[in-house]
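Comments concern the structure below.
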Amino acid sequence: MLIPLFSSKLLIVLILGTLFGLVLGVLPGLGPTTGGALILPFTMTLDPLSAIVLLTSIYCAGTYGGAITAVLINTPGTPAAAATCLDGYPLAQKGEAGRALGMATVSSTVGGIFSVIILVFFAPVLAKLAYEFGQPEYFALAIFGLTMLSSIGEGSPIKNLIAGAFGILISTIGKDFMTSIDRFTYGINELSVGIGFIPVVVGLFAISEMLTQSTLLDQVFKRVALKAIKLPTKDDYKKTWKTILRSSGIGSFIGVLPAEGGTVASLIGYSEAKRFSKNPEEFGKGSIEGIAGAEAANNAATGGAMVPTLALGIPGSATTAVILTGLIIHGVRPGPDLFREQPEFLYGIFGAMLIANILFFIFGFFGAKIFARITLVPNKILWPMIFTVSVCGTYSLSQSIIDVWIMLLFGVIGFFMRRFGFSVVPVIIGLILGELVEGTLRQSLVIFDGNWLMFLTRPIALTFFILSLIALTFPLLKRKKK
Amino acid sequence: MNNVRKQKRANKSLPFFFKDEFRVSFIIIFISIILLISTFSFDIVPPILNRGIQPATFPKALLVLIISLTLIIYYLSINKPWDVKKKLPKNFFLTLFGFLIFIIVSKTLDFFLAISVLSIFISYNWGERRILYLILVSIIFPILVFIFFETILGLRFPPGIITNLYYY
């Protein structure tokens, strides 16, 4: 599994990706999703394996990096670290920042490695199952992926569905791939090739975050002093090993479901740690179990989320949506054929994720103090620089100034979406799945001679439709129960 | 806290068309209807070439779905109003204005000049007053990025008054 990585170039990419991921994770508002989106255009200069190794190492390290900010300044560096704030910061305030970060580092590493093992064993099984899939099954699966966003994703389920539908709608702009008829181009030549992934991804994540930061300039962060990270004591391990294992399992499972993996996983991991704890009253006041529960779960979601991404081409989280974009722009189509035709490519990704988890343990352990200082870079310096990189990166892909304007437009749209409670992640997932949804629907109708009811005669498709229905009604039932 | 409460009370007494839930729903539905109308002008494929459904059918279905779901969120918001949002600060509008300047300068003068102008404009308006840092974000960093893209990635940027100095 690790053999493809024994090249100096890939190891350098892996180390740089891990370091970059840590920096991104530490900076509030950036994180692996925005960082991955920013780095996407630059990956075009790399071969496909190096590009995906870079993105996955950013994903793993960035998810952990959020914990450093959560513990030291009570602000999650990434949304997935939100639950870590609940106990990490109170423990740091008691003068035990080193212990809190030590536990976060160990549990993140265990969770991450656990999920890579799940990925290695589970992804090929899922891919094998996908061999049974025809066009109607893929259509039903894509619909299931989109409806899952409504039940598990953050925010209002209906708003998530609207955002997903908007994403699919964007994918219809340009020439229709079956008939070459222009749709929503309004005579603008540049639009006939459609709207690229990168302007939309960079706009929705980086530029909309820049606009959000412009509204938070008076926010002052108080940083707790950190002397050095301490490895957890024997007593800490005794208290937390069950929690770490449980959260690793929860995180991997949540990650496999197509939704916002890490954030949901960490919240469930945290609440389950509290439920099983002998000292639930300590939660929220600096419980070491709370940190372990949240951190093991959010890092375990990384490997889990890669399972549907690689096996089916359905992203399991926001960052895997960016990774999927990376795969597509490098000409790699995820799915069962990838497992049969390019196993060494997949083993490279698995190995990279495994090594990235070990590397962020080392870098985090020895460099947390330095990474913590990055939080001191003021927004008034940082964001203009991010803007420069975003603009040049977006322009570089097809050397089109129109792409830059589209990026700015989506930045503004993304800002207002987030302001009014619409998550931007479903837009990206909708955009990625759009062609699959429409293509498989139309091809299925050709197979079925236009008879929609024929979908119900396919057992796998029918199962996915039933699951979609459950995913749609589940939030409503949950609301009624409340 | 008091301000939020005050704003909440004020929001309750607002006519429905001033409330966020109405304005957002209205904008989504309005844009969707315009797009829906435009789908009727898409070319129609002759039946012999048509495979499955017409090219306009899928976008039409999506737009109808978006309109229906938006009507549902508006209906739900009548009983459960949305959280009151704080007014957007001046800096937000200045940043938006910066984007506008960027578009105008990049279209008329120079792409890199536009980046520099926007960087200095935003950095200054967000509170940076130290000359060295302003030079760093508006001149030094964009030059480094330019060199990186130009030499390492082999990219050619659009011509303009500054970029031409480098190219010619």
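Just remember, in the structure tokens the first chain shown is A, the second B, etc., residues are 1-based per chain, and ligands are 1-based in the order shown.
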
Sorted by chain and rising residue number, list the residues of chain B at most 7 Å from chain A (counting only C-alpha atoms), each with its closest atom pair and distance in Å to one decimal, as a tab-separated table.
residue	atom	partner	partner_atom	distance
B:Phe42	CA	A:Arg183	CA	6.4
B:Asp43	CA	A:Ile181	CA	6.5
B:Arg51	CA	A:Val446	CA	5.8
B:Gly52	CA	A:Val446	CA	4.8
B:Ile53	CA	A:Arg442	CA	6.4
B:Pro55	CA	A:Asp176	CA	6.6
B:Pro59	CA	A:Leu169	CA	6.3
B:Leu62	CA	A:Ala165	CA	6.2
B:Ile66	CA	A:Ile162	CA	5.6
B:Leu69	CA	A:Ile158	CA	6.5
B:Ile73	CA	A:Ile158	CA	6.9
B:Leu88	CA	A:Thr215	CA	6.7
B:Pro89	CA	A:Thr215	CA	5.9
B:Asn91	CA	A:Ser214	CA	5.7
B:Phe92	CA	A:Ser214	CA	5.2
B:Ile115	CA	A:Thr388	CA	6.3
B:Ser119	CA	A:Pro384	CA	4.9
B:Ile122	CA	A:Pro384	CA	6.7
B:Ser123	CA	A:Lys380	CA	4.8
B:Trp126	CA	A:Lys380	CA	5.5
B:Gly127	CA	A:Lys380	CA	6.7
B:Glu128	CA	A:Lys380	CA	6.2
B:Val137	CA	A:Met385	CA	6.1
B:Pro142	CA	A:Thr388	CA	6.5
B:Leu153	CA	A:Thr45	CA	6.7
B:Leu155	CA	A:Ser396	CA	6.6

How would the residues just chosen look if you wrote them out with N, CA and C atoms as a PDB file, in the first residue's frame?
ATOM      1  N   PHE B  42     -35.578  27.662 -25.003  1.00  0.00           N
ATOM      2  CA  PHE B  42     -34.564  26.672 -25.410  1.00  0.00           C
ATOM      3  C   PHE B  42     -35.047  25.956 -26.676  1.00  0.00           C
ATOM      4  N   ASP B  43     -34.094  25.606 -27.515  1.00  0.00           N
ATOM      5  CA  ASP B  43     -34.461  24.881 -28.746  1.00  0.00           C
ATOM      6  C   ASP B  43     -35.115  23.550 -28.398  1.00  0.00           C
ATOM      7  N   ARG B  51     -33.789  11.932 -27.023  1.00  0.00           N
ATOM      8  CA  ARG B  51     -33.605  10.695 -26.257  1.00  0.00           C
ATOM      9  C   ARG B  51     -34.135  10.941 -24.853  1.00  0.00           C
ATOM     10  N   GLY B  52     -35.230  10.328 -24.538  1.00  0.00           N
ATOM     11  CA  GLY B  52     -35.788  10.481 -23.189  1.00  0.00           C
ATOM     12  C   GLY B  52     -36.624  11.728 -23.054  1.00  0.00           C
ATOM     13  N   ILE B  53     -35.970  12.823 -22.624  1.00  0.00           N
ATOM     14  CA  ILE B  53     -36.717  14.066 -22.400  1.00  0.00           C
ATOM     15  C   ILE B  53     -36.063  15.225 -23.137  1.00  0.00           C
ATOM     16  N   PRO B  55     -34.237  18.854 -23.695  1.00  0.00           N
ATOM     17  CA  PRO B  55     -33.180  19.492 -22.888  1.00  0.00           C
ATOM     18  C   PRO B  55     -33.719  20.487 -21.851  1.00  0.00           C
ATOM     19  N   PRO B  59     -34.078  21.257 -16.394  1.00  0.00           N
ATOM     20  CA  PRO B  59     -33.989  22.544 -15.676  1.00  0.00           C
ATOM     21  C   PRO B  59     -35.352  23.057 -15.224  1.00  0.00           C
ATOM     22  N   LEU B  62     -36.279  21.342 -12.098  1.00  0.00           N
ATOM     23  CA  LEU B  62     -35.474  21.852 -10.965  1.00  0.00           C
ATOM     24  C   LEU B  62     -36.006  23.190 -10.474  1.00  0.00           C
ATOM     25  N   ILE B  66     -37.397  24.214  -6.881  1.00  0.00           N
ATOM     26  CA  ILE B  66     -36.855  25.312  -6.056  1.00  0.00           C
ATOM     27  C   ILE B  66     -37.985  26.247  -5.623  1.00  0.00           C
ATOM     28  N   LEU B  69     -40.140  24.473  -2.933  1.00  0.00           N
ATOM     29  CA  LEU B  69     -39.457  24.385  -1.635  1.00  0.00           C
ATOM     30  C   LEU B  69     -39.354  25.766  -0.973  1.00  0.00           C
ATOM     31  N   ILE B  73     -40.573  26.952   2.722  1.00  0.00           N
ATOM     32  CA  ILE B  73     -39.810  27.607   3.805  1.00  0.00           C
ATOM     33  C   ILE B  73     -40.472  28.930   4.220  1.00  0.00           C
ATOM     34  N   LEU B  88     -25.545  44.700   8.392  1.00  0.00           N
ATOM     35  CA  LEU B  88     -24.199  44.503   7.853  1.00  0.00           C
ATOM     36  C   LEU B  88     -23.361  45.752   8.096  1.00  0.00           C
ATOM     37  N   PRO B  89     -22.110  45.571   8.537  1.00  0.00           N
ATOM     38  CA  PRO B  89     -21.277  46.747   8.823  1.00  0.00           C
ATOM     39  C   PRO B  89     -20.766  47.427   7.559  1.00  0.00           C
ATOM     40  N   ASN B  91     -17.817  47.911   6.635  1.00  0.00           N
ATOM     41  CA  ASN B  91     -16.701  47.203   5.998  1.00  0.00           C
ATOM     42  C   ASN B  91     -17.150  46.203   4.942  1.00  0.00           C
ATOM     43  N   PHE B  92     -18.308  45.602   5.184  1.00  0.00           N
ATOM     44  CA  PHE B  92     -18.823  44.639   4.208  1.00  0.00           C
ATOM     45  C   PHE B  92     -19.087  45.347   2.879  1.00  0.00           C
ATOM     46  N   ILE B 115      -5.529  43.786  -8.782  1.00  0.00           N
ATOM     47  CA  ILE B 115      -5.268  43.012  -7.560  1.00  0.00           C
ATOM     48  C   ILE B 115      -4.622  43.915  -6.501  1.00  0.00           C
ATOM     49  N   SER B 119      -6.238  44.897  -2.952  1.00  0.00           N
ATOM     50  CA  SER B 119      -5.554  44.472  -1.730  1.00  0.00           C
ATOM     51  C   SER B 119      -5.322  45.651  -0.793  1.00  0.00           C
ATOM     52  N   ILE B 122      -8.721  46.986   0.605  1.00  0.00           N
ATOM     53  CA  ILE B 122      -9.319  46.161   1.664  1.00  0.00           C
ATOM     54  C   ILE B 122      -8.485  46.221   2.933  1.00  0.00           C
ATOM     55  N   SER B 123      -7.186  46.063   2.791  1.00  0.00           N
ATOM     56  CA  SER B 123      -6.312  46.071   3.960  1.00  0.00           C
ATOM     57  C   SER B 123      -6.462  47.393   4.729  1.00  0.00           C
ATOM     58  N   TRP B 126      -9.912  47.659   6.357  1.00  0.00           N
ATOM     59  CA  TRP B 126     -10.068  46.719   7.472  1.00  0.00           C
ATOM     60  C   TRP B 126      -9.191  47.138   8.667  1.00  0.00           C
ATOM     61  N   GLY B 127      -8.466  48.251   8.520  1.00  0.00           N
ATOM     62  CA  GLY B 127      -7.783  48.820   9.675  1.00  0.00           C
ATOM     63  C   GLY B 127      -6.273  48.836   9.626  1.00  0.00           C
ATOM     64  N   GLU B 128      -5.667  48.366   8.531  1.00  0.00           N
ATOM     65  CA  GLU B 128      -4.202  48.373   8.481  1.00  0.00           C
ATOM     66  C   GLU B 128      -3.704  49.772   8.109  1.00  0.00           C
ATOM     67  N   VAL B 137       1.122  43.585   1.222  1.00  0.00           N
ATOM     68  CA  VAL B 137      -0.068  42.936   0.647  1.00  0.00           C
ATOM     69  C   VAL B 137      -0.398  43.424  -0.756  1.00  0.00           C
ATOM     70  N   PRO B 142       1.624  40.308  -4.407  1.00  0.00           N
ATOM     71  CA  PRO B 142       1.168  40.074  -5.795  1.00  0.00           C
ATOM     72  C   PRO B 142       2.317  39.827  -6.770  1.00  0.00           C
ATOM     73  N   LEU B 153       4.436  28.033 -13.201  1.00  0.00           N
ATOM     74  CA  LEU B 153       3.265  27.419 -13.833  1.00  0.00           C
ATOM     75  C   LEU B 153       3.155  27.770 -15.326  1.00  0.00           C
ATOM     76  N   LEU B 155       2.136  30.476 -16.830  1.00  0.00           N
ATOM     77  CA  LEU B 155       0.856  31.109 -17.168  1.00  0.00           C
ATOM     78  C   LEU B 155       1.081  32.482 -17.786  1.00  0.00           C
TER      79      LEU B 155
END

Worksheet item: Do you have the CA of Gly25 in chain A-CA of Lys239 in chain A distance handy?
Response: 27.3 Å

Mind checking DSSP for range 229-351 of chain A and telling me the alpha helix (DSSP H) residues as a tab-separated table (two decimals) with N, CA and C atoms, in the first residue's frame?
chain	number	residue	atom	x	y	z
A	234	LYS	N	-1.18	7.82	31.83
A	234	LYS	CA	-1.78	6.49	31.88
A	234	LYS	C	-3.24	6.60	32.31
A	235	ASP	N	-3.47	7.47	33.28
A	235	ASP	CA	-4.81	7.67	33.81
A	235	ASP	C	-5.76	8.22	32.72
A	236	ASP	N	-5.22	9.15	31.92
A	236	ASP	CA	-6.02	9.72	30.82
A	236	ASP	C	-6.40	8.63	29.81
A	237	TYR	N	-5.41	7.78	29.49
A	237	TYR	CA	-5.68	6.70	28.53
A	237	TYR	C	-6.76	5.76	29.08
A	238	LYS	N	-6.64	5.45	30.39
A	238	LYS	CA	-7.61	4.56	31.02
A	238	LYS	C	-9.02	5.12	30.90
A	239	LYS	N	-9.08	6.43	31.10
A	239	LYS	CA	-10.39	7.11	31.07
A	239	LYS	C	-10.97	7.18	29.66
A	240	THR	N	-10.09	7.26	28.66
A	240	THR	CA	-10.59	7.64	27.34
A	240	THR	C	-10.51	6.57	26.25
A	241	TRP	N	-9.85	5.46	26.48
A	241	TRP	CA	-9.63	4.54	25.34
A	241	TRP	C	-10.93	4.03	24.74
A	242	LYS	N	-11.91	3.78	25.61
A	242	LYS	CA	-13.20	3.31	25.08
A	242	LYS	C	-13.87	4.42	24.26
A	243	THR	N	-13.79	5.64	24.79
A	243	THR	CA	-14.39	6.79	24.09
A	243	THR	C	-13.74	6.97	22.71
A	244	ILE	N	-12.40	6.86	22.69
A	244	ILE	CA	-11.69	7.06	21.42
A	244	ILE	C	-12.13	6.01	20.40
A	245	LEU	N	-12.21	4.76	20.84
A	245	LEU	CA	-12.61	3.69	19.91
A	245	LEU	C	-14.05	3.88	19.44
A	246	ARG	N	-14.94	4.21	20.40
A	246	ARG	CA	-16.35	4.40	20.05
A	246	ARG	C	-16.49	5.55	19.05
A	247	SER	N	-15.83	6.66	19.36
A	247	SER	CA	-15.94	7.83	18.47
A	247	SER	C	-15.31	7.55	17.11
A	248	SER	N	-14.24	6.75	17.10
A	248	SER	CA	-13.63	6.40	15.81
A	248	SER	C	-14.64	5.64	14.95
A	249	GLY	N	-15.37	4.72	15.58
A	249	GLY	CA	-16.41	3.96	14.86
A	249	GLY	C	-17.52	4.87	14.39
A	250	ILE	N	-17.98	5.74	15.29
A	250	ILE	CA	-19.08	6.67	14.95
A	250	ILE	C	-18.64	7.57	13.79
A	251	GLY	N	-17.44	8.14	13.93
A	251	GLY	CA	-16.94	9.07	12.90
A	251	GLY	C	-16.82	8.39	11.55
A	252	SER	N	-16.30	7.15	11.55
A	252	SER	CA	-16.14	6.45	10.26
A	252	SER	C	-17.51	6.19	9.63
A	253	PHE	N	-18.48	5.80	10.46
A	253	PHE	CA	-19.82	5.51	9.93
A	253	PHE	C	-20.48	6.77	9.38
A	254	ILE	N	-20.43	7.86	10.18
A	254	ILE	CA	-21.04	9.12	9.72
A	254	ILE	C	-20.35	9.60	8.45
A	255	GLY	N	-19.03	9.43	8.42
A	255	GLY	CA	-18.27	9.86	7.25
A	255	GLY	C	-18.71	9.16	5.98
A	256	VAL	N	-19.04	7.88	6.10
A	256	VAL	CA	-19.45	7.10	4.91
A	256	VAL	C	-20.75	7.66	4.33
A	261	GLY	N	-19.67	15.30	6.80
A	261	GLY	CA	-19.04	14.34	7.69
A	261	GLY	C	-18.53	14.80	9.04
A	262	GLY	N	-17.40	15.52	9.04
A	262	GLY	CA	-16.68	15.79	10.28
A	262	GLY	C	-17.46	16.55	11.33
A	263	THR	N	-18.21	17.55	10.92
A	263	THR	CA	-18.93	18.39	11.88
A	263	THR	C	-19.98	17.57	12.62
A	264	VAL	N	-20.77	16.84	11.86
A	264	VAL	CA	-21.83	16.03	12.48
A	264	VAL	C	-21.20	14.92	13.32
A	265	ALA	N	-20.15	14.30	12.77
A	265	ALA	CA	-19.48	13.20	13.48
A	265	ALA	C	-18.97	13.65	14.83
A	266	SER	N	-18.34	14.82	14.89
A	266	SER	CA	-17.75	15.27	16.16
A	266	SER	C	-18.85	15.58	17.18
A	267	LEU	N	-19.96	16.14	16.72
A	267	LEU	CA	-21.06	16.44	17.65
A	267	LEU	C	-21.66	15.15	18.21
A	268	ILE	N	-21.83	14.14	17.33
A	268	ILE	CA	-22.39	12.86	17.81
A	268	ILE	C	-21.36	12.16	18.69
A	269	GLY	N	-20.08	12.18	18.26
A	269	GLY	CA	-19.02	11.56	19.06
A	269	GLY	C	-18.96	12.17	20.45
A	270	TYR	N	-19.12	13.49	20.50
A	270	TYR	CA	-19.07	14.20	21.79
A	270	TYR	C	-20.27	13.81	22.67
A	271	SER	N	-21.46	13.84	22.07
A	271	SER	CA	-22.66	13.55	22.89
A	271	SER	C	-22.68	12.09	23.34
A	272	GLU	N	-22.14	11.18	22.50
A	272	GLU	CA	-22.08	9.77	22.92
A	272	GLU	C	-21.05	9.58	24.02
A	273	ALA	N	-19.95	10.33	23.94
A	273	ALA	CA	-18.92	10.25	25.00
A	273	ALA	C	-19.54	10.68	26.34
A	274	LYS	N	-20.37	11.70	26.27
A	274	LYS	CA	-21.03	12.20	27.49
A	274	LYS	C	-22.02	11.17	28.01
A	275	ARG	N	-22.75	10.54	27.08
A	275	ARG	CA	-23.79	9.58	27.48
A	275	ARG	C	-23.16	8.36	28.16
A	276	PHE	N	-22.01	7.92	27.67
A	276	PHE	CA	-21.39	6.72	28.23
A	276	PHE	C	-20.45	7.03	29.40
A	288	ILE	N	-11.65	15.59	29.74
A	288	ILE	CA	-10.68	15.03	28.79
A	288	ILE	C	-11.40	14.05	27.85
A	289	GLU	N	-12.44	13.40	28.37
A	289	GLU	CA	-13.23	12.48	27.53
A	289	GLU	C	-13.96	13.23	26.42
A	290	GLY	N	-14.43	14.43	26.74
A	290	GLY	CA	-15.13	15.25	25.75
A	290	GLY	C	-14.23	15.58	24.57
A	291	ILE	N	-12.98	15.95	24.89
A	291	ILE	CA	-12.02	16.27	23.82
A	291	ILE	C	-11.76	15.02	22.97
A	292	ALA	N	-11.53	13.89	23.66
A	292	ALA	CA	-11.23	12.65	22.95
A	292	ALA	C	-12.40	12.24	22.05
A	293	GLY	N	-13.62	12.34	22.58
A	293	GLY	CA	-14.81	11.94	21.82
A	293	GLY	C	-14.98	12.75	20.56
A	294	ALA	N	-14.82	14.07	20.69
A	294	ALA	CA	-15.04	14.95	19.53
A	294	ALA	C	-13.92	14.79	18.50
A	295	GLU	N	-12.67	14.77	18.96
A	295	GLU	CA	-11.53	14.75	18.04
A	295	GLU	C	-11.38	13.42	17.31
A	296	ALA	N	-11.59	12.30	18.04
A	296	ALA	CA	-11.48	10.99	17.37
A	296	ALA	C	-12.55	10.90	16.29
A	297	ALA	N	-13.76	11.39	16.59
A	297	ALA	CA	-14.86	11.28	15.63
A	297	ALA	C	-14.62	12.13	14.39
A	298	ASN	N	-14.18	13.40	14.58
A	298	ASN	CA	-14.06	14.23	13.38
A	298	ASN	C	-12.93	13.78	12.46
A	299	ASN	N	-11.85	13.24	13.05
A	299	ASN	CA	-10.79	12.74	12.18
A	299	ASN	C	-11.14	11.38	11.57
A	300	ALA	N	-11.95	10.61	12.29
A	300	ALA	CA	-12.38	9.32	11.74
A	300	ALA	C	-13.29	9.54	10.53
A	301	ALA	N	-13.96	10.68	10.51
A	301	ALA	CA	-14.87	10.96	9.39
A	301	ALA	C	-14.10	11.18	8.08
A	302	THR	N	-12.79	11.50	8.18
A	302	THR	CA	-12.03	11.78	6.95
A	302	THR	C	-11.94	10.53	6.07
A	303	GLY	N	-11.53	9.42	6.68
A	303	GLY	CA	-11.42	8.17	5.91
A	303	GLY	C	-12.78	7.68	5.48
A	304	GLY	N	-13.76	7.79	6.40
A	304	GLY	CA	-15.12	7.36	6.09
A	304	GLY	C	-15.67	8.10	4.89
A	305	ALA	N	-15.44	9.42	4.86
A	305	ALA	CA	-16.00	10.24	3.77
A	305	ALA	C	-15.35	9.92	2.43
A	306	MET	N	-14.14	9.35	2.48
A	306	MET	CA	-13.47	9.00	1.22
A	306	MET	C	-14.06	7.72	0.62
A	307	VAL	N	-14.77	6.93	1.43
A	307	VAL	CA	-15.33	5.65	0.92
A	307	VAL	C	-16.31	5.90	-0.23
A	308	PRO	N	-17.42	6.65	-0.01
A	308	PRO	CA	-18.32	6.87	-1.15
A	308	PRO	C	-17.70	7.73	-2.25
A	309	THR	N	-16.75	8.59	-1.86
A	309	THR	CA	-16.11	9.46	-2.85
A	309	THR	C	-15.36	8.62	-3.88
A	310	LEU	N	-14.57	7.67	-3.39
A	310	LEU	CA	-13.76	6.86	-4.31
A	310	LEU	C	-14.55	5.72	-4.94
A	311	ALA	N	-15.42	5.10	-4.13
A	311	ALA	CA	-16.11	3.89	-4.63
A	311	ALA	C	-17.28	4.24	-5.55
A	318	ALA	N	-17.85	18.05	2.66
A	318	ALA	CA	-17.53	19.22	1.85
A	318	ALA	C	-16.13	19.09	1.25
A	319	THR	N	-15.16	18.68	2.09
A	319	THR	CA	-13.79	18.62	1.58
A	319	THR	C	-13.64	17.50	0.55
A	320	THR	N	-14.35	16.38	0.76
A	320	THR	CA	-14.24	15.32	-0.26
A	320	THR	C	-14.90	15.77	-1.56
A	321	ALA	N	-15.84	16.72	-1.48
A	321	ALA	CA	-16.41	17.28	-2.72
A	321	ALA	C	-15.31	18.00	-3.49
A	322	VAL	N	-14.44	18.70	-2.75
A	322	VAL	CA	-13.31	19.40	-3.39
A	322	VAL	C	-12.32	18.37	-3.95
A	323	ILE	N	-12.08	17.31	-3.16
A	323	ILE	CA	-11.15	16.26	-3.63
A	323	ILE	C	-11.72	15.59	-4.89
A	324	LEU	N	-13.03	15.37	-4.88
A	324	LEU	CA	-13.69	14.77	-6.05
A	324	LEU	C	-13.53	15.68	-7.27
A	325	THR	N	-13.66	17.00	-7.03
A	325	THR	CA	-13.43	17.96	-8.11
A	325	THR	C	-12.01	17.79	-8.65
A	326	GLY	N	-11.06	17.65	-7.70
A	326	GLY	CA	-9.66	17.44	-8.09
A	326	GLY	C	-9.50	16.20	-8.94
A	327	LEU	N	-10.16	15.12	-8.54
A	327	LEU	CA	-10.08	13.87	-9.32
A	327	LEU	C	-10.62	14.10	-10.72
A	328	ILE	N	-11.78	14.78	-10.80
A	328	ILE	CA	-12.43	14.96	-12.10
A	328	ILE	C	-11.56	15.83	-13.02
A	329	ILE	N	-11.02	16.95	-12.47
A	329	ILE	CA	-10.24	17.83	-13.36
A	329	ILE	C	-8.91	17.18	-13.78
A	336	PRO	N	-16.33	2.08	-9.47
A	336	PRO	CA	-15.79	0.73	-9.45
A	336	PRO	C	-14.66	0.50	-10.45
A	337	ASP	N	-14.73	1.17	-11.61
A	337	ASP	CA	-13.68	0.95	-12.62
A	337	ASP	C	-12.31	1.42	-12.13
A	338	LEU	N	-12.33	2.44	-11.29
A	338	LEU	CA	-11.08	2.96	-10.74
A	338	LEU	C	-10.38	1.87	-9.91
A	339	PHE	N	-11.17	1.10	-9.18
A	339	PHE	CA	-10.60	0.03	-8.34
A	339	PHE	C	-10.01	-1.09	-9.19
A	340	ARG	N	-10.61	-1.32	-10.36
A	340	ARG	CA	-10.14	-2.40	-11.20
A	340	ARG	C	-8.94	-1.95	-12.05
A	341	GLU	N	-9.04	-0.71	-12.57
A	341	GLU	CA	-8.04	-0.29	-13.54
A	341	GLU	C	-6.81	0.38	-12.93
A	343	PRO	N	-5.50	0.25	-9.35
A	343	PRO	CA	-5.40	-0.04	-7.92
A	343	PRO	C	-4.22	0.67	-7.25
A	344	GLU	N	-3.12	0.84	-8.01
A	344	GLU	CA	-1.93	1.47	-7.40
A	344	GLU	C	-2.22	2.94	-7.05
A	345	PHE	N	-3.09	3.56	-7.87
A	345	PHE	CA	-3.47	4.95	-7.61
A	345	PHE	C	-4.23	5.02	-6.27
A	346	LEU	N	-5.15	4.07	-6.09
A	346	LEU	CA	-5.94	4.05	-4.85
A	346	LEU	C	-5.08	3.73	-3.63
A	347	TYR	N	-4.17	2.76	-3.82
A	347	TYR	CA	-3.29	2.43	-2.69
A	347	TYR	C	-2.43	3.64	-2.32
A	348	GLY	N	-2.07	4.41	-3.32
A	348	GLY	CA	-1.32	5.64	-3.06
A	348	GLY	C	-2.11	6.58	-2.17
A	349	ILE	N	-3.41	6.71	-2.46
A	349	ILE	CA	-4.27	7.61	-1.67
A	349	ILE	C	-4.41	7.05	-0.25
A	350	PHE	N	-4.67	5.73	-0.15
A	350	PHE	CA	-4.82	5.13	1.18
A	350	PHE	C	-3.55	5.34	2.01
A	351	GLY	N	-2.41	5.05	1.37
A	351	GLY	CA	-1.13	5.17	2.07
A	351	GLY	C	-0.87	6.61	2.47

Discussion item. Could you list, as number ranges by chain, every residue within 9 Å of Ala92 in chain A, counting only C-alpha atoms and ignoring same-chain residues fewer than 2 positions away?
Written reply: A: 71-72, 87-90, 94-101, 224-226, 286

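Closest approach to Thr43 in chain A among A:Ala461, A:Leu129, A:Ile470, A:Ile198 is made by A:Ile198 (distances from only C-alpha atoms).
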
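Around range 162-166 of chain B, within 8 Å and counting only C-alpha atoms, the residues found are Asp110, Phe111, Phe112, Leu113, Phe157, Pro158, Pro159, Gly160 and Tyr168 of chain B, once anything fewer than 2 positions away on its own chain is removed.
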
Suppose we keep N, CA and C atoms; can you now write the selection as a PDB file, in the first residue's frame?
ATOM      1  N   ASP B 110      -5.558  47.017 -15.949  1.00  0.00           N
ATOM      2  CA  ASP B 110      -4.588  45.929 -15.811  1.00  0.00           C
ATOM      3  C   ASP B 110      -5.040  44.969 -14.716  1.00  0.00           C
ATOM      4  N   PHE B 111      -4.841  43.685 -14.974  1.00  0.00           N
ATOM      5  CA  PHE B 111      -5.257  42.636 -14.041  1.00  0.00           C
ATOM      6  C   PHE B 111      -4.483  42.749 -12.720  1.00  0.00           C
ATOM      7  N   PHE B 112      -3.172  42.924 -12.816  1.00  0.00           N
ATOM      8  CA  PHE B 112      -2.372  42.976 -11.581  1.00  0.00           C
ATOM      9  C   PHE B 112      -2.523  44.287 -10.841  1.00  0.00           C
ATOM     10  N   LEU B 113      -2.750  45.348 -11.609  1.00  0.00           N
ATOM     11  CA  LEU B 113      -3.025  46.634 -10.960  1.00  0.00           C
ATOM     12  C   LEU B 113      -4.328  46.499 -10.159  1.00  0.00           C
ATOM     13  N   PHE B 157      -0.621  36.109 -18.214  1.00  0.00           N
ATOM     14  CA  PHE B 157      -1.724  36.925 -17.710  1.00  0.00           C
ATOM     15  C   PHE B 157      -2.238  37.869 -18.795  1.00  0.00           C
ATOM     16  N   PRO B 158      -3.470  38.369 -18.655  1.00  0.00           N
ATOM     17  CA  PRO B 158      -4.019  39.252 -19.705  1.00  0.00           C
ATOM     18  C   PRO B 158      -3.215  40.548 -19.817  1.00  0.00           C
ATOM     19  N   PRO B 159      -3.070  41.062 -21.034  1.00  0.00           N
ATOM     20  CA  PRO B 159      -2.275  42.287 -21.203  1.00  0.00           C
ATOM     21  C   PRO B 159      -2.906  43.480 -20.496  1.00  0.00           C
ATOM     22  N   GLY B 160      -2.041  44.403 -20.080  1.00  0.00           N
ATOM     23  CA  GLY B 160      -2.516  45.604 -19.394  1.00  0.00           C
ATOM     24  C   GLY B 160      -1.353  46.546 -19.221  1.00  0.00           C
ATOM     25  N   TYR B 168       6.721  43.020 -22.724  1.00  0.00           N
ATOM     26  CA  TYR B 168       7.372  43.622 -23.909  1.00  0.00           C
ATOM     27  C   TYR B 168       8.601  44.437 -23.516  1.00  0.00           C
TER      28      TYR B 168
END

Item to complete: Mind checking which residues fall within 7 Å of range 21-25 of chain B, counting only C-alpha atoms, ignoring those fewer than 5 positions away in the same chain, and posting them as a list of chain:residue names?
Response: B:Phe16, B:Thr70, B:Tyr74, B:Ser77, B:Trp82

Item to complete: Tell me which of A:Pro280, A:Gly196, A:Gly62, A:Gly335 sits closest to Gly21 in chain A, counting only C-alpha atoms.
Response: A:Gly62
